[in-house]
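K.L.:
What follows is a structure written as structure tokens; I'll ask about it next.
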Amino acid sequence: DIPDTFMYNHVIGAIVTSGTPDRAQRADEFLVWMEEQFQNGADNVQPNEWSYTSVICAYLDNPNDSYGLDRATQLLAEGFGKEGFKFNVRTAARVVLALAKANHSNAAADWLHRILNAAEEGYFGDEQPTPSLLGGVVASLFRASEGNRQALYQADGLVSRFCELEQKGMLKEGMDRNVGRLLMLMWVRSSDPSTLDRINKMLQYMRKKADEGQTNIIPDMDVFGMVVKRFAKSNPDQAD
């Protein structure tokens with residue numbers, strides 16, 4: 001039989017699971033070779049989502065490798081740009097969470113926006129971005145938000161977008177209480193003039209979703225206490 005994409009994907013899989021220290025680089029080199037063969041007219045060896053995902057995950061298995069994270073992100077971008085490619089949301093989420101954990105908060109936020117747009121267009125089929133993915137990116141932005149309003153606005157925009165898609169029925173869940181707590185804390189410690197209005201709206205949204213049966217968004221006493229303390233500073237009557 002003539003070797004084809006299916007067979008070569010198994011070669012990549014064997015390299016990735018070989019346990020050698022350079023397995024990600026070797027799998028990547030094989031992927032690049034497949035791309036070159038395809039560009040030279042070998043239609044039967046065109047790399048597909050499986051090919052790319054295997055190499056991406058191999059790089060992400062070494063969390064301390066900054067080059068590997070950069071290359072995994074580059075491969076994800078290449079795959080997203082290919083006509084007919086359909087990455088699953090888990091692969092995209094792994095890259096985003098790795099970026100967030102490495103404190104590349106801007107890149108993580110940009111990618112999450114891209115994932116949410118793709119989800120809205122039906123790119124992932126029945127798969128959906130989860131609140132834990134949102135939480136990982138918001139946590140990264142939280143770490144970057146001290147004295148940085150841009151990080152606050154990025155986080156707020158992502159949470160609003162997530163909740164918008166949930167309200168449209170395109171996501172099963174919007175934010176959860178952990179995301180809500182982090183975002184409120186970002187607002188509370190900022191000097192933004194719209195803080196009181198924003199945290200009040202967030203608290204009311206969380207209470208509304210809890211009343212509708214979303215159990216993972218029920219505000220705890222810490223959230224209520226944080227909001228009341230912030231209102232007590234500027235608007236004691238409304239705090240009461």
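Just so we're on the same page: first chain in the structure tokens is A, next is B, and so on; residues restart at 1 for each chain, and ligands are numbered from 1 in the order they show up.
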If we count only C-alpha atoms, what is near region 130-136 of chain A at a cut-off of 12 Å, once residues fewer than 3 positions away on the same chain are taken out, given as a PyMOL selection string?
P.N.:
chain A and resi 89-105+108-113+115-116+119+127+139-143+154-163+165-166+170-183+216-217
K.L.:
Identify which of the residues A:Val32, A:Ala77, A:Val188, A:Val16 lies closest to Ala58 (chain A), counting only C-alpha atoms when measuring atom-to-atom distances.
P.N.:
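Closest to Ala58 (chain A) of all the choices is A:Val16.
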K.L.:
Hey, what does DSSP flag as alpha helix (DSSP H) within region 23-75 of chain A? Can you give it to me as a JSON list (two decimals) with all heavy atoms, in the first residue's frame?
P.N.:
```json
[["chain", "number", "residue", "atom", "x", "y", "z"],
["A", 23, "ARG", "N", 10.84, 14.03, 21.58],
["A", 23, "ARG", "CA", 9.72, 13.47, 20.81],
["A", 23, "ARG", "C", 8.85, 14.55, 20.16],
["A", 23, "ARG", "O", 8.37, 14.37, 19.04],
["A", 23, "ARG", "CB", 8.87, 12.56, 21.69],
["A", 23, "ARG", "CG", 8.29, 13.19, 22.93],
["A", 23, "ARG", "CD", 7.65, 12.14, 23.83],
["A", 23, "ARG", "NE", 7.12, 12.70, 25.07],
["A", 23, "ARG", "CZ", 7.84, 12.93, 26.16],
["A", 23, "ARG", "NH1", 9.14, 12.67, 26.15],
["A", 23, "ARG", "NH2", 7.29, 13.42, 27.25],
["A", 24, "ALA", "N", 8.65, 15.67, 20.86],
["A", 24, "ALA", "CA", 7.81, 16.72, 20.28],
["A", 24, "ALA", "C", 8.48, 17.31, 19.03],
["A", 24, "ALA", "O", 7.83, 17.51, 18.00],
["A", 24, "ALA", "CB", 7.53, 17.82, 21.30],
["A", 25, "GLN", "N", 9.79, 17.59, 19.12],
["A", 25, "GLN", "CA", 10.50, 18.15, 17.99],
["A", 25, "GLN", "C", 10.53, 17.18, 16.82],
["A", 25, "GLN", "O", 10.36, 17.58, 15.66],
["A", 25, "GLN", "CB", 11.93, 18.53, 18.39],
["A", 25, "GLN", "CG", 12.03, 19.71, 19.33],
["A", 25, "GLN", "CD", 11.79, 19.33, 20.79],
["A", 25, "GLN", "OE1", 11.53, 18.16, 21.11],
["A", 25, "GLN", "NE2", 11.87, 20.32, 21.68],
["A", 26, "ARG", "N", 10.74, 15.88, 17.11],
["A", 26, "ARG", "CA", 10.79, 14.88, 16.03],
["A", 26, "ARG", "C", 9.42, 14.74, 15.37],
["A", 26, "ARG", "O", 9.33, 14.63, 14.14],
["A", 26, "ARG", "CB", 11.25, 13.53, 16.59],
["A", 26, "ARG", "CG", 12.73, 13.50, 16.97],
["A", 26, "ARG", "CD", 13.06, 12.23, 17.72],
["A", 26, "ARG", "NE", 12.67, 11.05, 16.98],
["A", 26, "ARG", "CZ", 12.25, 9.91, 17.55],
["A", 26, "ARG", "NH1", 12.15, 9.83, 18.87],
["A", 26, "ARG", "NH2", 11.92, 8.88, 16.81],
["A", 27, "ALA", "N", 8.36, 14.74, 16.18],
["A", 27, "ALA", "CA", 7.01, 14.66, 15.60],
["A", 27, "ALA", "C", 6.73, 15.91, 14.76],
["A", 27, "ALA", "O", 6.10, 15.82, 13.69],
["A", 27, "ALA", "CB", 5.98, 14.52, 16.71],
["A", 28, "ASP", "N", 7.20, 17.04, 15.23],
["A", 28, "ASP", "CA", 7.01, 18.30, 14.50],
["A", 28, "ASP", "C", 7.74, 18.24, 13.16],
["A", 28, "ASP", "O", 7.21, 18.65, 12.11],
["A", 28, "ASP", "CB", 7.53, 19.46, 15.34],
["A", 28, "ASP", "CG", 7.10, 20.82, 14.82],
["A", 28, "ASP", "OD1", 6.38, 20.88, 13.81],
["A", 28, "ASP", "OD2", 7.49, 21.83, 15.45],
["A", 29, "GLU", "N", 8.96, 17.73, 13.16],
["A", 29, "GLU", "CA", 9.73, 17.61, 11.92],
["A", 29, "GLU", "C", 9.00, 16.71, 10.93],
["A", 29, "GLU", "O", 8.99, 16.99, 9.72],
["A", 29, "GLU", "CB", 11.13, 17.06, 12.23],
["A", 29, "GLU", "CG", 12.03, 18.04, 12.96],
["A", 29, "GLU", "CD", 13.31, 17.40, 13.46],
["A", 29, "GLU", "OE1", 13.49, 16.17, 13.21],
["A", 29, "GLU", "OE2", 14.12, 18.09, 14.10],
["A", 30, "PHE", "N", 8.39, 15.65, 11.42],
["A", 30, "PHE", "CA", 7.66, 14.75, 10.54],
["A", 30, "PHE", "C", 6.42, 15.45, 9.98],
["A", 30, "PHE", "O", 6.08, 15.28, 8.80],
["A", 30, "PHE", "CB", 7.26, 13.48, 11.29],
["A", 30, "PHE", "CG", 6.93, 12.33, 10.40],
["A", 30, "PHE", "CD1", 7.90, 11.47, 9.93],
["A", 30, "PHE", "CD2", 5.62, 12.12, 9.99],
["A", 30, "PHE", "CE1", 7.60, 10.42, 9.08],
["A", 30, "PHE", "CE2", 5.30, 11.07, 9.14],
["A", 30, "PHE", "CZ", 6.29, 10.21, 8.68],
["A", 31, "LEU", "N", 5.75, 16.24, 10.82],
["A", 31, "LEU", "CA", 4.59, 17.01, 10.36],
["A", 31, "LEU", "C", 5.00, 18.00, 9.26],
["A", 31, "LEU", "O", 4.31, 18.12, 8.24],
["A", 31, "LEU", "CB", 3.96, 17.76, 11.53],
["A", 31, "LEU", "CG", 2.82, 18.73, 11.20],
["A", 31, "LEU", "CD1", 1.62, 17.98, 10.63],
["A", 31, "LEU", "CD2", 2.41, 19.51, 12.45],
["A", 32, "VAL", "N", 6.12, 18.68, 9.46],
["A", 32, "VAL", "CA", 6.61, 19.63, 8.46],
["A", 32, "VAL", "C", 6.93, 18.90, 7.16],
["A", 32, "VAL", "O", 6.62, 19.38, 6.06],
["A", 32, "VAL", "CB", 7.86, 20.38, 8.99],
["A", 32, "VAL", "CG1", 8.52, 21.19, 7.88],
["A", 32, "VAL", "CG2", 7.47, 21.29, 10.15],
["A", 33, "TRP", "N", 7.53, 17.72, 7.28],
["A", 33, "TRP", "CA", 7.84, 16.91, 6.09],
["A", 33, "TRP", "C", 6.55, 16.54, 5.35],
["A", 33, "TRP", "O", 6.50, 16.62, 4.12],
["A", 33, "TRP", "CB", 8.60, 15.66, 6.50],
["A", 33, "TRP", "CG", 8.91, 14.74, 5.34],
["A", 33, "TRP", "CD1", 9.96, 14.84, 4.48],
["A", 33, "TRP", "CD2", 8.13, 13.61, 4.93],
["A", 33, "TRP", "NE1", 9.88, 13.83, 3.53],
["A", 33, "TRP", "CE2", 8.78, 13.06, 3.79],
["A", 33, "TRP", "CE3", 6.97, 13.01, 5.40],
["A", 33, "TRP", "CZ2", 8.29, 11.94, 3.12],
["A", 33, "TRP", "CZ3", 6.48, 11.89, 4.74],
["A", 33, "TRP", "CH2", 7.13, 11.36, 3.62],
["A", 34, "MET", "N", 5.51, 16.15, 6.08],
["A", 34, "MET", "CA", 4.23, 15.83, 5.44],
["A", 34, "MET", "C", 3.67, 17.04, 4.70],
["A", 34, "MET", "O", 3.18, 16.92, 3.57],
["A", 34, "MET", "CB", 3.21, 15.35, 6.50],
["A", 34, "MET", "CG", 3.48, 13.98, 7.06],
["A", 34, "MET", "SD", 2.28, 13.54, 8.38],
["A", 34, "MET", "CE", 0.74, 13.42, 7.44],
["A", 35, "GLU", "N", 3.75, 18.20, 5.33],
["A", 35, "GLU", "CA", 3.27, 19.43, 4.68],
["A", 35, "GLU", "C", 4.05, 19.69, 3.39],
["A", 35, "GLU", "O", 3.46, 20.07, 2.36],
["A", 35, "GLU", "CB", 3.41, 20.63, 5.62],
["A", 35, "GLU", "CG", 2.32, 20.76, 6.67],
["A", 35, "GLU", "CD", 1.00, 21.26, 6.09],
["A", 35, "GLU", "OE1", 0.88, 21.41, 4.85],
["A", 35, "GLU", "OE2", 0.07, 21.48, 6.89],
["A", 36, "GLU", "N", 5.36, 19.49, 3.44],
["A", 36, "GLU", "CA", 6.18, 19.72, 2.25],
["A", 36, "GLU", "C", 5.81, 18.76, 1.14],
["A", 36, "GLU", "O", 5.71, 19.15, -0.04],
["A", 36, "GLU", "CB", 7.67, 19.58, 2.62],
["A", 36, "GLU", "CG", 8.18, 20.70, 3.52],
["A", 36, "GLU", "CD", 9.60, 20.45, 4.00],
["A", 36, "GLU", "OE1", 10.08, 19.30, 3.82],
["A", 36, "GLU", "OE2", 10.21, 21.37, 4.56],
["A", 37, "GLN", "N", 5.59, 17.49, 1.51],
["A", 37, "GLN", "CA", 5.21, 16.49, 0.51],
["A", 37, "GLN", "C", 3.87, 16.85, -0.12],
["A", 37, "GLN", "O", 3.68, 16.73, -1.33],
["A", 37, "GLN", "CB", 5.15, 15.10, 1.13],
["A", 37, "GLN", "CG", 6.47, 14.57, 1.65],
["A", 37, "GLN", "CD", 7.53, 14.52, 0.55],
["A", 37, "GLN", "OE1", 7.33, 13.90, -0.49],
["A", 37, "GLN", "NE2", 8.65, 15.19, 0.78],
["A", 38, "PHE", "N", 2.94, 17.31, 0.71],
["A", 38, "PHE", "CA", 1.63, 17.70, 0.20],
["A", 38, "PHE", "C", 1.74, 18.90, -0.73],
["A", 38, "PHE", "O", 1.12, 18.92, -1.81],
["A", 38, "PHE", "CB", 0.69, 18.02, 1.36],
["A", 38, "PHE", "CG", -0.63, 18.58, 0.93],
["A", 38, "PHE", "CD1", -1.56, 17.80, 0.25],
["A", 38, "PHE", "CD2", -0.95, 19.91, 1.19],
["A", 38, "PHE", "CE1", -2.78, 18.33, -0.16],
["A", 38, "PHE", "CE2", -2.16, 20.45, 0.78],
["A", 38, "PHE", "CZ", -3.08, 19.66, 0.11],
["A", 39, "GLN", "N", 2.54, 19.88, -0.36],
["A", 39, "GLN", "CA", 2.72, 21.06, -1.20],
["A", 39, "GLN", "C", 3.39, 20.72, -2.53],
["A", 39, "GLN", "O", 3.19, 21.41, -3.54],
["A", 39, "GLN", "CB", 3.55, 22.12, -0.46],
["A", 39, "GLN", "CG", 2.87, 22.69, 0.77],
["A", 39, "GLN", "CD", 1.55, 23.38, 0.47],
["A", 39, "GLN", "OE1", 1.36, 23.98, -0.59],
["A", 39, "GLN", "NE2", 0.60, 23.28, 1.41],
["A", 49, "GLU", "N", -6.33, 17.33, 11.17],
["A", 49, "GLU", "CA", -6.43, 17.77, 12.57],
["A", 49, "GLU", "C", -5.71, 16.81, 13.50],
["A", 49, "GLU", "O", -5.08, 17.24, 14.48],
["A", 49, "GLU", "CB", -7.91, 17.85, 12.97],
["A", 49, "GLU", "CG", -8.72, 18.86, 12.17],
["A", 49, "GLU", "CD", -9.41, 18.21, 10.98],
["A", 49, "GLU", "OE1", -8.81, 17.31, 10.35],
["A", 49, "GLU", "OE2", -10.55, 18.61, 10.68],
["A", 50, "TRP", "N", -5.80, 15.52, 13.22],
["A", 50, "TRP", "CA", -5.14, 14.52, 14.07],
["A", 50, "TRP", "C", -3.64, 14.75, 14.07],
["A", 50, "TRP", "O", -2.98, 14.67, 15.12],
["A", 50, "TRP", "CB", -5.49, 13.12, 13.57],
["A", 50, "TRP", "CG", -5.30, 12.01, 14.55],
["A", 50, "TRP", "CD1", -6.24, 11.43, 15.35],
["A", 50, "TRP", "CD2", -4.07, 11.32, 14.82],
["A", 50, "TRP", "NE1", -5.68, 10.43, 16.11],
["A", 50, "TRP", "CE2", -4.35, 10.34, 15.81],
["A", 50, "TRP", "CE3", -2.77, 11.43, 14.35],
["A", 50, "TRP", "CZ2", -3.37, 9.49, 16.31],
["A", 50, "TRP", "CZ3", -1.78, 10.58, 14.86],
["A", 50, "TRP", "CH2", -2.10, 9.63, 15.83],
["A", 51, "SER", "N", -3.07, 15.02, 12.88],
["A", 51, "SER", "CA", -1.63, 15.25, 12.76],
["A", 51, "SER", "C", -1.21, 16.43, 13.63],
["A", 51, "SER", "O", -0.25, 16.34, 14.42],
["A", 51, "SER", "CB", -1.25, 15.53, 11.31],
["A", 51, "SER", "OG", -1.94, 14.73, 10.39],
["A", 52, "TYR", "N", -1.92, 17.53, 13.49],
["A", 52, "TYR", "CA", -1.59, 18.76, 14.21],
["A", 52, "TYR", "C", -1.82, 18.59, 15.72],
["A", 52, "TYR", "O", -1.00, 19.02, 16.54],
["A", 52, "TYR", "CB", -2.43, 19.92, 13.68],
["A", 52, "TYR", "CG", -1.80, 20.62, 12.50],
["A", 52, "TYR", "CD1", -1.79, 20.02, 11.25],
["A", 52, "TYR", "CD2", -1.22, 21.87, 12.64],
["A", 52, "TYR", "CE1", -1.22, 20.66, 10.15],
["A", 52, "TYR", "CE2", -0.64, 22.53, 11.55],
["A", 52, "TYR", "CZ", -0.64, 21.91, 10.31],
["A", 52, "TYR", "OH", -0.07, 22.54, 9.24],
["A", 53, "THR", "N", -2.94, 17.98, 16.08],
["A", 53, "THR", "CA", -3.27, 17.83, 17.50],
["A", 53, "THR", "C", -2.21, 17.00, 18.22],
["A", 53, "THR", "O", -1.82, 17.31, 19.36],
["A", 53, "THR", "CB", -4.65, 17.18, 17.66],
["A", 53, "THR", "OG1", -5.64, 18.06, 17.11],
["A", 53, "THR", "CG2", -4.97, 16.91, 19.12],
["A", 54, "SER", "N", -1.72, 15.95, 17.57],
["A", 54, "SER", "CA", -0.70, 15.10, 18.21],
["A", 54, "SER", "C", 0.55, 15.89, 18.53],
["A", 54, "SER", "O", 1.13, 15.76, 19.62],
["A", 54, "SER", "CB", -0.36, 13.92, 17.29],
["A", 54, "SER", "OG", -1.47, 13.08, 17.10],
["A", 55, "VAL", "N", 0.98, 16.73, 17.60],
["A", 55, "VAL", "CA", 2.20, 17.51, 17.81],
["A", 55, "VAL", "C", 1.96, 18.60, 18.85],
["A", 55, "VAL", "O", 2.80, 18.84, 19.73],
["A", 55, "VAL", "CB", 2.70, 18.10, 16.48],
["A", 55, "VAL", "CG1", 3.95, 18.95, 16.72],
["A", 55, "VAL", "CG2", 2.99, 16.99, 15.48],
["A", 56, "ILE", "N", 0.82, 19.27, 18.76],
["A", 56, "ILE", "CA", 0.48, 20.31, 19.74],
["A", 56, "ILE", "C", 0.51, 19.74, 21.15],
["A", 56, "ILE", "O", 1.12, 20.31, 22.07],
["A", 56, "ILE", "CB", -0.90, 20.92, 19.42],
["A", 56, "ILE", "CG1", -0.83, 21.80, 18.17],
["A", 56, "ILE", "CG2", -1.42, 21.74, 20.61],
["A", 56, "ILE", "CD1", -2.18, 22.25, 17.65],
["A", 57, "CYS", "N", -0.15, 18.62, 21.35],
["A", 57, "CYS", "CA", -0.22, 18.02, 22.69],
["A", 57, "CYS", "C", 1.15, 17.54, 23.15],
["A", 57, "CYS", "O", 1.46, 17.60, 24.35],
["A", 57, "CYS", "CB", -1.23, 16.88, 22.70],
["A", 57, "CYS", "SG", -2.95, 17.43, 22.51],
["A", 58, "ALA", "N", 1.98, 17.07, 22.23],
["A", 58, "ALA", "CA", 3.33, 16.64, 22.61],
["A", 58, "ALA", "C", 4.12, 17.82, 23.15],
["A", 58, "ALA", "O", 4.84, 17.70, 24.16],
["A", 58, "ALA", "CB", 4.04, 16.04, 21.40],
["A", 59, "TYR", "N", 4.00, 18.97, 22.53],
["A", 59, "TYR", "CA", 4.69, 20.17, 23.04],
["A", 59, "TYR", "C", 4.12, 20.59, 24.40],
["A", 59, "TYR", "O", 4.86, 20.97, 25.30],
["A", 59, "TYR", "CB", 4.56, 21.32, 22.05],
["A", 59, "TYR", "CG", 5.60, 21.31, 20.95],
["A", 59, "TYR", "CD1", 5.23, 21.28, 19.61],
["A", 59, "TYR", "CD2", 6.97, 21.35, 21.26],
["A", 59, "TYR", "CE1", 6.19, 21.28, 18.60],
["A", 59, "TYR", "CE2", 7.92, 21.34, 20.26],
["A", 59, "TYR", "CZ", 7.53, 21.32, 18.94],
["A", 59, "TYR", "OH", 8.49, 21.32, 17.94],
["A", 60, "LEU", "N", 2.82, 20.52, 24.56],
["A", 60, "LEU", "CA", 2.20, 20.99, 25.80],
["A", 60, "LEU", "C", 2.46, 20.04, 26.97],
["A", 60, "LEU", "O", 2.28, 20.42, 28.13],
["A", 60, "LEU", "CB", 0.70, 21.16, 25.61],
["A", 60, "LEU", "CG", 0.28, 22.25, 24.62],
["A", 60, "LEU", "CD1", -1.24, 22.32, 24.52],
["A", 60, "LEU", "CD2", 0.84, 23.61, 25.02],
["A", 66, "SER", "N", 9.24, 26.96, 26.95],
["A", 66, "SER", "CA", 8.64, 28.15, 26.36],
["A", 66, "SER", "C", 8.57, 28.05, 24.84],
["A", 66, "SER", "O", 7.61, 28.51, 24.22],
["A", 66, "SER", "CB", 9.40, 29.41, 26.78],
["A", 66, "SER", "OG", 10.75, 29.34, 26.36],
["A", 67, "TYR", "N", 9.61, 27.46, 24.23],
["A", 67, "TYR", "CA", 9.56, 27.28, 22.78],
["A", 67, "TYR", "C", 8.40, 26.38, 22.40],
["A", 67, "TYR", "O", 7.69, 26.64, 21.41],
["A", 67, "TYR", "CB", 10.87, 26.68, 22.25],
["A", 67, "TYR", "CG", 10.73, 26.23, 20.80],
["A", 67, "TYR", "CD1", 10.78, 27.16, 19.76],
["A", 67, "TYR", "CD2", 10.51, 24.88, 20.49],
["A", 67, "TYR", "CE1", 10.62, 26.75, 18.44],
["A", 67, "TYR", "CE2", 10.35, 24.48, 19.18],
["A", 67, "TYR", "CZ", 10.41, 25.41, 18.16],
["A", 67, "TYR", "OH", 10.24, 25.01, 16.85],
["A", 68, "GLY", "N", 8.20, 25.31, 23.15],
["A", 68, "GLY", "CA", 7.12, 24.37, 22.86],
["A", 68, "GLY", "C", 5.76, 25.04, 22.91],
["A", 68, "GLY", "O", 4.89, 24.77, 22.07],
["A", 69, "LEU", "N", 5.55, 25.94, 23.89],
["A", 69, "LEU", "CA", 4.28, 26.64, 23.99],
["A", 69, "LEU", "C", 4.10, 27.57, 22.79],
["A", 69, "LEU", "O", 3.01, 27.64, 22.20],
["A", 69, "LEU", "CB", 4.22, 27.44, 25.29],
["A", 69, "LEU", "CG", 2.97, 28.30, 25.51],
["A", 69, "LEU", "CD1", 1.70, 27.47, 25.40],
["A", 69, "LEU", "CD2", 3.04, 28.99, 26.87],
["A", 70, "ASP", "N", 5.17, 28.26, 22.41],
["A", 70, "ASP", "CA", 5.10, 29.14, 21.23],
["A", 70, "ASP", "C", 4.77, 28.33, 19.98],
["A", 70, "ASP", "O", 3.94, 28.75, 19.16],
["A", 70, "ASP", "CB", 6.42, 29.88, 21.04],
["A", 70, "ASP", "CG", 6.66, 30.94, 22.10],
["A", 70, "ASP", "OD1", 5.70, 31.31, 22.80],
["A", 70, "ASP", "OD2", 7.82, 31.37, 22.25],
["A", 71, "ARG", "N", 5.42, 27.20, 19.83],
["A", 71, "ARG", "CA", 5.21, 26.38, 18.63],
["A", 71, "ARG", "C", 3.82, 25.76, 18.63],
["A", 71, "ARG", "O", 3.15, 25.71, 17.59],
["A", 71, "ARG", "CB", 6.27, 25.28, 18.56],
["A", 71, "ARG", "CG", 6.15, 24.36, 17.35],
["A", 71, "ARG", "CD", 6.24, 25.09, 16.04],
["A", 71, "ARG", "NE", 6.23, 24.15, 14.93],
["A", 71, "ARG", "CZ", 5.80, 24.44, 13.70],
["A", 71, "ARG", "NH1", 5.36, 25.66, 13.43],
["A", 71, "ARG", "NH2", 5.82, 23.52, 12.75],
["A", 72, "ALA", "N", 3.33, 25.32, 19.79],
["A", 72, "ALA", "CA", 1.98, 24.77, 19.88],
["A", 72, "ALA", "C", 0.96, 25.83, 19.49],
["A", 72, "ALA", "O", -0.02, 25.55, 18.78],
["A", 72, "ALA", "CB", 1.71, 24.25, 21.29],
["A", 73, "THR", "N", 1.17, 27.07, 19.96],
["A", 73, "THR", "CA", 0.27, 28.16, 19.61],
["A", 73, "THR", "C", 0.32, 28.45, 18.12],
["A", 73, "THR", "O", -0.72, 28.69, 17.48],
["A", 73, "THR", "CB", 0.64, 29.43, 20.40],
["A", 73, "THR", "OG1", 0.69, 29.13, 21.80],
["A", 73, "THR", "CG2", -0.37, 30.54, 20.17],
["A", 74, "GLN", "N", 1.51, 28.41, 17.55],
["A", 74, "GLN", "CA", 1.66, 28.65, 16.11],
["A", 74, "GLN", "C", 0.93, 27.56, 15.31],
["A", 74, "GLN", "O", 0.24, 27.86, 14.32],
["A", 74, "GLN", "CB", 3.14, 28.66, 15.74],
["A", 74, "GLN", "CG", 3.41, 28.89, 14.26],
["A", 74, "GLN", "CD", 4.88, 28.78, 13.91],
["A", 74, "GLN", "OE1", 5.71, 28.41, 14.73],
["A", 74, "GLN", "NE2", 5.22, 29.10, 12.67],
["A", 75, "LEU", "N", 1.06, 26.31, 15.73],
["A", 75, "LEU", "CA", 0.40, 25.21, 15.02],
["A", 75, "LEU", "C", -1.12, 25.31, 15.14],
["A", 75, "LEU", "O", -1.84, 25.02, 14.18],
["A", 75, "LEU", "CB", 0.88, 23.86, 15.57],
["A", 75, "LEU", "CG", 2.32, 23.48, 15.22],
["A", 75, "LEU", "CD1", 2.75, 22.24, 16.01],
["A", 75, "LEU", "CD2", 2.46, 23.24, 13.72]]
```
K.L.:
Fewer than 2 positions away in the same chain doesn't count, so skip those; otherwise give me all residues within 12 Å of Asp197 (chain A), counting only C-alpha atoms, as a list of chain:residue names.
P.N.:
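Using only C-alpha atoms, the neighbours found are A:Met184, A:Trp187, A:Val188, A:Asp192, A:Pro193, A:Ser194, A:Thr195, A:Ile199, A:Asn200, A:Lys201, A:Met202, A:Leu203, A:Gln204, A:Val227, A:Arg230, A:Phe231, A:Ser234, A:Asn235, A:Gln238.
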K.L.:
Go ahead and save the picked residues with C-alpha atoms, as a PDB file, in the first residue's frame.
P.N.:
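Generated file (result-v6.pdb):
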```
ATOM      1  CA  MET A 184     -15.704  41.493  41.093  1.00  0.00           C
ATOM      2  CA  TRP A 187     -13.383  45.790  39.819  1.00  0.00           C
ATOM      3  CA  VAL A 188     -13.332  46.421  43.579  1.00  0.00           C
ATOM      4  CA  ASP A 192     -12.680  52.835  37.814  1.00  0.00           C
ATOM      5  CA  PRO A 193     -15.675  55.183  38.253  1.00  0.00           C
ATOM      6  CA  SER A 194     -18.114  52.536  36.992  1.00  0.00           C
ATOM      7  CA  THR A 195     -17.110  49.972  39.632  1.00  0.00           C
ATOM      8  CA  ILE A 199     -20.358  44.878  40.559  1.00  0.00           C
ATOM      9  CA  ASN A 200     -24.000  45.475  41.425  1.00  0.00           C
ATOM     10  CA  LYS A 201     -25.085  44.280  37.975  1.00  0.00           C
ATOM     11  CA  MET A 202     -22.848  41.224  38.269  1.00  0.00           C
ATOM     12  CA  LEU A 203     -24.242  40.325  41.674  1.00  0.00           C
ATOM     13  CA  GLN A 204     -27.818  40.661  40.431  1.00  0.00           C
ATOM     14  CA  VAL A 227     -19.810  44.135  47.388  1.00  0.00           C
ATOM     15  CA  ARG A 230     -17.186  48.527  48.448  1.00  0.00           C
ATOM     16  CA  PHE A 231     -20.596  50.211  48.493  1.00  0.00           C
ATOM     17  CA  SER A 234     -18.953  55.364  48.413  1.00  0.00           C
ATOM     18  CA  ASN A 235     -22.668  54.806  48.828  1.00  0.00           C
ATOM     19  CA  GLN A 238     -27.227  51.497  48.866  1.00  0.00           C
TER      20      GLN A 238
END
```
K.L.:
Provide the CA of Ser145 (chain A) to CA of Lys208 (chain A) distance in Å, to one decimal place.
P.N.:
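Here the two named atoms are 27.5 Å from each other.
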K.L.:
Using Å and a single decimal, report how far CA of Glu120 (chain A) sits from CA of Glu212 (chain A).
P.N.:
23.2 Å
K.L.:
Kindly give the distance, in Å, that separates CA of Arg114 (chain A) and CA of Asn9 (chain A), rounded to a single decimal.
P.N.:
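Taking CA of Arg114 (chain A) and CA of Asn9 (chain A), their separation equals 27.0 Å.
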